[in-house]
$ cat my_file02.cif   # mmCIF, C-alpha atoms
data_model
#
loop_
_atom_site.label_atom_id
_atom_site.label_comp_id
_atom_site.auth_asym_id
_atom_site.auth_seq_id
_atom_site.Cartn_x
_atom_site.Cartn_y
_atom_site.Cartn_z
CA MET A 984 0.00 0.00 0.00
CA PRO A 985 1.47 3.42 -0.97
CA LYS A 986 2.53 5.57 1.99
CA LYS A 987 0.08 8.35 1.06
CA TRP A 988 -2.80 6.04 0.13
CA SER A 989 -5.94 7.91 1.16
CA GLY A 990 -8.85 5.66 0.26
CA ASP A 991 -10.56 3.70 -2.48
CA GLY A 992 -12.47 6.50 -4.19
CA ALA A 993 -15.81 5.94 -2.50
CA PHE A 994 -14.32 6.24 1.00
CA GLN A 995 -11.58 8.71 1.92
CA LEU A 996 -9.40 8.98 5.00
CA PRO A 997 -9.50 12.51 6.46
CA ALA A 998 -5.75 12.40 7.17
CA LYS A 999 -5.11 11.42 3.50
CA GLN A 1000 -2.79 8.62 4.62
CA VAL A 1001 -2.87 5.44 6.70
CA GLU A 1002 0.02 6.09 9.08
CA PRO A 1003 -1.80 8.19 11.73
CA TYR A 1004 -4.41 5.46 12.10
CA ARG A 1005 -1.73 2.75 12.30
CA LEU A 1006 -0.08 4.67 15.13
CA TRP A 1007 -3.44 4.94 16.90
CA PHE A 1008 -3.86 1.17 16.58
CA GLU A 1009 -0.33 0.41 17.82
CA PHE A 1010 -0.41 2.81 20.79
CA LEU A 1011 -3.77 1.36 21.82
CA LYS A 1012 -2.37 -2.17 21.71
CA LEU A 1013 0.56 -1.14 23.90
CA ALA A 1014 -1.80 0.57 26.35
CA HIS A 1015 -3.59 -2.79 26.57
CA VAL A 1016 -0.46 -4.43 28.01
CA ASP A 1017 0.59 -1.51 30.22
CA PRO A 1018 -0.65 -2.35 33.75
CA GLU A 1019 -0.72 1.33 34.68
CA ILE A 1020 -3.20 2.29 31.95
CA ASP A 1021 -6.93 1.56 31.90
CA VAL A 1022 -8.35 1.00 28.42
CA ASP A 1023 -11.95 1.96 27.63
CA TYR A 1024 -12.76 -1.36 25.96
CA GLU A 1025 -16.42 -0.46 25.52
CA HIS A 1026 -15.43 2.54 23.41
CA TYR A 1027 -13.42 0.30 21.09
CA LYS A 1028 -15.80 -2.64 20.76
CA GLU A 1029 -16.43 -1.79 17.09
CA TRP A 1030 -12.71 -2.28 16.39
CA GLY A 1031 -13.09 -5.99 16.91
CA PRO A 1032 -10.47 -8.39 18.34
CA ILE A 1033 -7.42 -6.22 17.67
CA TRP A 1034 -5.29 -7.30 20.62
CA GLU A 1035 -3.64 -10.24 18.92
CA MET A 1036 -3.98 -9.05 15.31
CA PRO A 1037 -1.24 -7.42 13.23
CA PHE A 1038 -2.23 -4.05 11.82
CA ASN A 1039 -2.13 -5.08 8.15
CA GLU A 1040 -4.53 -7.96 8.76
CA TRP A 1041 -6.91 -5.77 10.73
CA TRP A 1042 -6.79 -2.92 8.23
CA GLY A 1043 -7.12 -5.26 5.28
CA SER A 1044 -10.41 -6.56 6.62
CA GLY A 1045 -11.98 -3.28 5.52
CA ARG A 1046 -12.88 -1.97 8.96
CA TRP A 1047 -11.21 1.33 8.10
CA ARG A 1048 -14.21 2.30 5.97
CA GLU A 1049 -16.74 2.20 8.79
CA LEU A 1050 -14.37 3.42 11.51
CA PHE A 1051 -12.32 6.25 10.01
CA ALA A 1052 -13.35 7.10 6.47
CA ALA A 1053 -15.74 9.67 5.07
CA ASP A 1054 -18.27 8.28 2.61
CA LEU A 1055 -17.69 10.28 -0.59
CA GLY A 1056 -19.05 7.75 -3.03
CA VAL A 1057 -21.99 8.09 -5.40
CA ARG A 1058 -24.17 5.02 -5.13
CA VAL A 1059 -27.73 3.74 -5.29
CA VAL A 1060 -29.53 3.83 -1.95
CA GLN A 1061 -31.12 0.47 -1.30
CA HIS A 1062 -34.82 0.17 -0.49
CA GLY A 1063 -35.40 0.68 3.23
CA GLU A 1064 -31.84 1.90 3.85
CA ILE A 1065 -31.51 4.68 6.39
CA VAL A 1066 -29.19 7.33 4.99
CA GLU A 1067 -27.40 9.66 7.36
CA THR A 1068 -27.14 13.20 6.05
CA ASP A 1069 -24.64 15.82 7.10
CA ALA A 1070 -23.35 19.25 6.09
CA ASN A 1071 -21.11 17.68 3.42
CA SER A 1072 -23.71 15.72 1.48
CA ILE A 1073 -27.29 15.70 0.25
CA VAL A 1074 -29.65 12.87 -0.59
CA VAL A 1075 -31.64 13.19 -3.82
CA ARG A 1076 -34.27 11.15 -5.63
CA ILE A 1077 -33.62 10.67 -9.35
CA PRO A 1078 -36.53 9.57 -11.56
CA LEU A 1079 -35.56 6.94 -14.14
CA LYS A 1080 -38.33 7.85 -16.61
CA LYS A 1081 -37.13 11.39 -17.17
CA GLU A 1082 -34.81 12.40 -20.01
CA PRO A 1083 -31.20 11.94 -18.69
CA ARG A 1084 -30.06 15.34 -19.97
CA GLU A 1085 -32.84 17.06 -18.07
CA THR A 1086 -32.05 15.03 -14.97
CA LEU A 1087 -28.36 15.95 -15.15
CA LYS A 1088 -29.32 19.60 -15.49
CA ASP A 1089 -31.49 19.35 -12.36
CA VAL A 1090 -28.71 17.60 -10.40
CA SER A 1091 -26.17 20.19 -11.53
CA GLN A 1092 -28.47 22.97 -10.31
CA LEU A 1093 -28.88 21.24 -6.95
CA LEU A 1094 -25.12 20.95 -6.59
CA GLU A 1095 -24.66 24.64 -7.34
CA GLU A 1096 -27.32 25.58 -4.83
CA HIS A 1097 -25.50 23.56 -2.16
CA CYS A 1098 -22.08 25.03 -3.05
CA ALA A 1099 -20.63 21.68 -4.14
CA GLY A 1100 -16.90 21.65 -4.77
CA GLY A 1101 -16.05 24.23 -2.13
CA ALA A 1102 -14.41 23.66 1.22
CA PRO A 1103 -16.28 21.14 3.40
CA ALA A 1104 -18.71 22.70 5.86
CA ILE A 1105 -17.17 20.47 8.51
CA PRO A 1106 -14.19 18.12 8.29
CA ALA A 1107 -15.48 14.85 6.88
CA SER A 1108 -14.66 11.82 9.03
CA GLY A 1109 -15.93 8.46 10.14
CA LYS A 1110 -17.10 7.31 13.55
CA PHE A 1111 -13.58 7.58 14.99
CA ALA A 1112 -11.77 10.83 14.24
CA LEU A 1113 -8.29 12.01 15.07
CA SER A 1114 -8.38 14.74 17.70
CA GLU A 1115 -8.86 18.36 16.70
CA GLY A 1116 -5.71 20.04 15.41
CA TYR A 1117 -3.85 16.81 14.61
CA GLU A 1118 -2.92 18.15 11.18
CA ARG A 1119 -1.05 21.13 12.63
CA ALA A 1120 1.49 19.15 14.65
CA PHE A 1121 1.06 15.40 14.93
CA LEU A 1122 0.69 14.83 11.19
CA LYS A 1123 3.95 16.70 10.53
CA TYR A 1124 6.00 14.62 12.96
CA LEU A 1125 4.94 11.04 12.34
CA ASP A 1126 8.58 9.93 12.32
CA ARG A 1127 8.90 11.21 15.89
CA ALA A 1128 5.72 9.41 16.92
CA ASN A 1129 7.11 6.20 15.42
CA MET A 1130 10.33 6.66 17.35
CA MET A 1131 8.40 7.15 20.59
CA LEU A 1132 6.24 4.12 19.83
CA ARG A 1133 9.31 1.88 19.60
CA LEU A 1134 10.82 3.49 22.70
CA TYR A 1135 7.64 2.76 24.64
CA ARG A 1136 7.47 -0.84 23.36
CA ILE A 1137 11.04 -1.48 24.49
CA TRP A 1138 10.30 0.15 27.85
CA LEU A 1139 7.35 -2.23 28.35
CA ASP A 1140 9.64 -5.16 27.53
CA HIS A 1141 11.84 -4.10 30.46
CA ALA A 1142 9.00 -4.20 32.99
CA ASP A 1143 10.84 -6.64 35.26
CA GLY A 1144 13.75 -4.29 35.95
CA ASP A 1145 14.05 -1.65 38.68
CA LYS A 1146 13.39 1.95 37.64
CA ARG A 1147 17.01 2.87 36.94
CA GLY A 1148 17.81 -0.37 35.18
CA ARG A 1149 14.60 -0.20 33.16
CA ILE A 1150 15.38 3.27 31.85
CA SER A 1151 19.01 2.55 30.97
CA GLY A 1152 18.07 -0.82 29.45
CA THR A 1153 15.46 0.86 27.27
CA ALA A 1154 17.95 3.46 26.07
CA LEU A 1155 20.59 0.85 25.24
CA ASP A 1156 18.18 -1.44 23.41
CA PHE A 1157 16.81 1.44 21.36
CA TYR A 1158 20.35 2.58 20.57
CA ARG A 1159 21.32 -0.89 19.33
CA TRP A 1160 18.19 -1.21 17.22
CA ALA A 1161 18.36 2.30 15.68
CA LYS A 1162 22.08 2.17 14.95
CA GLY A 1163 21.86 -1.35 13.57
CA ARG A 1164 18.90 -0.49 11.36
CA ASP A 1165 20.48 2.72 10.12
CA ASP A 1166 23.83 1.06 9.35
CA TRP A 1167 22.08 -1.77 7.51
CA ILE A 1168 20.14 0.66 5.27
CA ARG A 1169 23.16 2.85 4.50
CA GLU A 1170 25.64 0.04 3.86
CA ARG A 1171 23.34 -1.66 1.37
CA GLY A 1172 22.15 1.53 -0.27
CA TYR A 1173 18.51 0.66 0.34
CA ARG A 1174 15.88 3.34 -0.13
CA TYR A 1175 14.04 2.46 3.05
CA THR A 1176 13.19 5.20 5.53
CA ARG A 1177 16.02 5.55 8.01
CA PRO A 1178 14.95 5.43 11.67
CA MET A 1179 14.65 8.69 13.56
CA PHE A 1180 17.53 8.69 16.05
CA PRO A 1181 17.47 11.87 18.19
CA ALA A 1182 20.88 13.11 19.28
CA ALA A 1183 19.84 13.20 22.94
CA VAL A 1184 18.83 9.53 22.86
CA ARG A 1185 22.08 8.57 21.13
CA PHE A 1186 24.25 10.58 23.52
CA TYR A 1187 22.42 9.30 26.60
CA ALA A 1188 23.01 5.68 25.55
CA GLU A 1189 26.66 6.45 24.82
CA GLU A 1190 27.02 8.03 28.27
CA ILE A 1191 25.68 4.83 29.82
CA MET A 1192 28.05 2.66 27.78
CA ALA A 1193 30.97 4.89 28.83
CA GLY A 1194 30.08 4.36 32.50
CA LYS A 1195 29.33 8.04 33.13
CA ASP A 1196 27.07 9.35 35.89
CA THR A 1197 23.87 10.27 34.02
CA SER A 1198 21.78 11.40 37.00
CA GLN A 1199 22.11 15.06 35.97
CA SER A 1200 22.44 14.48 32.23
CA ARG A 1201 20.46 16.78 29.94
CA ASN A 1202 20.37 13.95 27.43
CA ARG A 1203 18.71 11.71 30.01
CA ARG A 1204 16.09 14.38 30.72
CA GLN A 1205 15.28 14.65 27.02
CA PHE A 1206 15.13 10.88 26.75
CA MET A 1207 12.64 10.83 29.62
CA ARG A 1208 10.53 13.49 27.90
CA TYR A 1209 10.27 11.32 24.80
CA LEU A 1210 9.27 8.35 26.93
CA GLN A 1211 6.67 10.37 28.82
CA LYS A 1212 5.18 11.67 25.58
CA ALA A 1213 4.90 8.11 24.34
CA ARG A 1214 3.06 7.07 27.49
CA ASN A 1215 0.78 10.09 27.15
CA LEU A 1216 -0.12 9.01 23.61
CA ALA A 1217 -0.94 5.52 24.90
CA THR A 1218 -3.03 6.94 27.75
CA ASN A 1219 -4.92 9.17 25.32
CA ALA A 1220 -5.57 6.26 22.98
CA ALA A 1221 -6.80 4.16 25.89
CA SER A 1222 -9.38 6.81 26.76
CA GLY A 1223 -10.64 7.05 23.17
CA VAL A 1224 -8.71 10.15 22.07
CA PHE A 1225 -5.81 10.18 19.64
CA PRO A 1226 -3.37 11.80 19.48
CA GLY A 1227 -4.77 14.37 21.93
CA LYS A 1228 -2.44 16.52 24.02
CA TYR A 1229 0.79 14.73 24.78
#

$ encode --input "my_file02.cif" --output "structure tokens"
Amino acid sequence: MPKKWSGDGAFQLPAKQVEPYRLWFEFLKLAHVDPEIDVDYEHYKEWGPIWEMPFNEWWGSGRWRELFAADLGVRVVQHGEIVETDANSIVVRIPLKKEPRETLKDVSQLLEEHCAGGAPAIPASGKFALSEGYERAFLKYLDRANMMLRLYRIWLDHADGDKRGRISGTALDFYRWAKGRDDWIRERGYRYTRPMFPAAVRFYAEEIMAGKDTSQSRNRRQFMRYLQKARNLATNAASGVFPGKY
């Protein structure tokens, strides 16, 4: 699936790409295994059994249409179907016995009267919408959100360690993964996206490996801010809001 794939023509994702919704899915799944976060399972019952499903399988089932997408398709309304109307669409009845040219003229006039083609009266979305303002910040820094997602996943994997050991272990594991991934891509000349590897995270891990006292390290403080933001995103997702304020 192309990175900027935005829908199938009849249904369109408001964010114009899949990645923000994948991050929502992944942060929610991590919140599910974080013992310090309470997930609103009732809110997500329409998402189905996501807890053991990989994203591609879940997304490929077509749930995205009913959960996230705006219905922009032209189709025949079935007999007895209840059609929801909103400020971005109108429902019309088209007689089949009338001359098609005359019908098209009538439809064109209706569209003009309802200012079709202009900016949407309200942002079109499905039942589950990204939080207000997501396009001004979150959408521009998806690489950072991905970095924080991996950081948080590693941190959860270190749940058995004490606080200090858990933090340093998370930093070292992320360092090994990011450096290894980046070296692999560069050495082979692949065109894959290189992992985001913030300088503060790199330097903090290198301080640990050098045996330095990191208790007052600015790099450690920045590392902790990234980790806290990741946990905030998971907490927001658990409550039914994403990305929200983090």

$ residues_around --input "my_file02.cif" --residues "His1015 in chain A" --least-positions-apart "5" --cutoff "12 Å" --atoms "all atoms listed in the file" --output "ChimeraX atom specification"
/A:1008-1010,1020-1024,1027,1033-1035,1136,1139,1214,1217-1218,1220-1222

$ resolve_selection --input "my_file02.cif" --expression "the PyMOL selection byres ((chain A and resi 1226) around 12)" --output "number ranges by chain"
A: 1003-1011, 1111-1122, 1124-1125, 1128, 1212-1225, 1227-1229

$ write_last_selection --input "my_file02.cif" --atoms "C-alpha atoms" --output "compact mmCIF listing (two decimals), in the coordinates of the input"
# COMPACT_ATOMS: atom_id res chain seq x y z
CA PRO A 1003 -1.80 8.19 11.73
CA TYR A 1004 -4.41 5.46 12.10
CA ARG A 1005 -1.73 2.75 12.30
CA LEU A 1006 -0.08 4.67 15.13
CA TRP A 1007 -3.44 4.94 16.90
CA PHE A 1008 -3.86 1.17 16.58
CA GLU A 1009 -0.33 0.41 17.82
CA PHE A 1010 -0.41 2.81 20.79
CA LEU A 1011 -3.77 1.36 21.82
CA PHE A 1111 -13.58 7.58 14.99
CA ALA A 1112 -11.77 10.83 14.24
CA LEU A 1113 -8.29 12.01 15.07
CA SER A 1114 -8.38 14.74 17.70
CA GLU A 1115 -8.86 18.36 16.70
CA GLY A 1116 -5.71 20.04 15.41
CA TYR A 1117 -3.85 16.81 14.61
CA GLU A 1118 -2.92 18.15 11.18
CA ARG A 1119 -1.05 21.13 12.63
CA ALA A 1120 1.49 19.15 14.65
CA PHE A 1121 1.06 15.40 14.93
CA LEU A 1122 0.69 14.83 11.19
CA TYR A 1124 6.00 14.62 12.96
CA LEU A 1125 4.94 11.04 12.34
CA ALA A 1128 5.72 9.41 16.92
CA LYS A 1212 5.18 11.67 25.58
CA ALA A 1213 4.90 8.11 24.34
CA ARG A 1214 3.06 7.07 27.49
CA ASN A 1215 0.78 10.09 27.15
CA LEU A 1216 -0.12 9.01 23.61
CA ALA A 1217 -0.94 5.52 24.90
CA THR A 1218 -3.03 6.94 27.75
CA ASN A 1219 -4.92 9.17 25.32
CA ALA A 1220 -5.57 6.26 22.98
CA ALA A 1221 -6.80 4.16 25.89
CA SER A 1222 -9.38 6.81 26.76
CA GLY A 1223 -10.64 7.05 23.17
CA VAL A 1224 -8.71 10.15 22.07
CA PHE A 1225 -5.81 10.18 19.64
CA GLY A 1227 -4.77 14.37 21.93
CA LYS A 1228 -2.44 16.52 24.02
CA TYR A 1229 0.79 14.73 24.78

$ closest_residue --input "my_file02.cif" --among "A:Ile1191, A:Met1131, A:Arg1208, A:Ser1091" --to "Gly1152 in chain A" --atoms "all atoms listed in the file"
A:Ile1191

$ atom_distance --input "my_file02.cif" --atom1 "CA of Phe1186 in chain A" --atom2 "CA of Leu1155 in chain A"
10.5 Å

$ atom_distance --input "my_file02.cif" --atom1 "CA of Val1016 in chain A" --atom2 "CA of Asp1145 in chain A"
18.2 Å

$ atom_distance --input "my_file02.cif" --atom1 "CA of Arg1169 in chain A" --atom2 "CA of Phe1206 in chain A"
25.0 Å

$ closest_residue --input "my_file02.cif" --among "A:Ile1168, A:Val1001, A:Leu1132, A:Ile1137" --to "Asp1156 in chain A" --atoms "only C-alpha atoms"
A:Ile1137

$ residues_around --input "my_file02.cif" --residues "Tyr1158 in chain A" --least-positions-apart "6" --cutoff "12 Å" --atoms "all atoms listed in the file" --output "ChimeraX atom specification"
/A:1130,1133-1134,1137,1151-1152,1164-1166,1178-1192,1206

$ closest_residue --input "my_file02.cif" --among "A:Phe1038, A:Glu1002, A:Lys1012, A:Lys1110" --to "Asp1054 in chain A" --atoms "all atoms listed in the file"
A:Lys1110
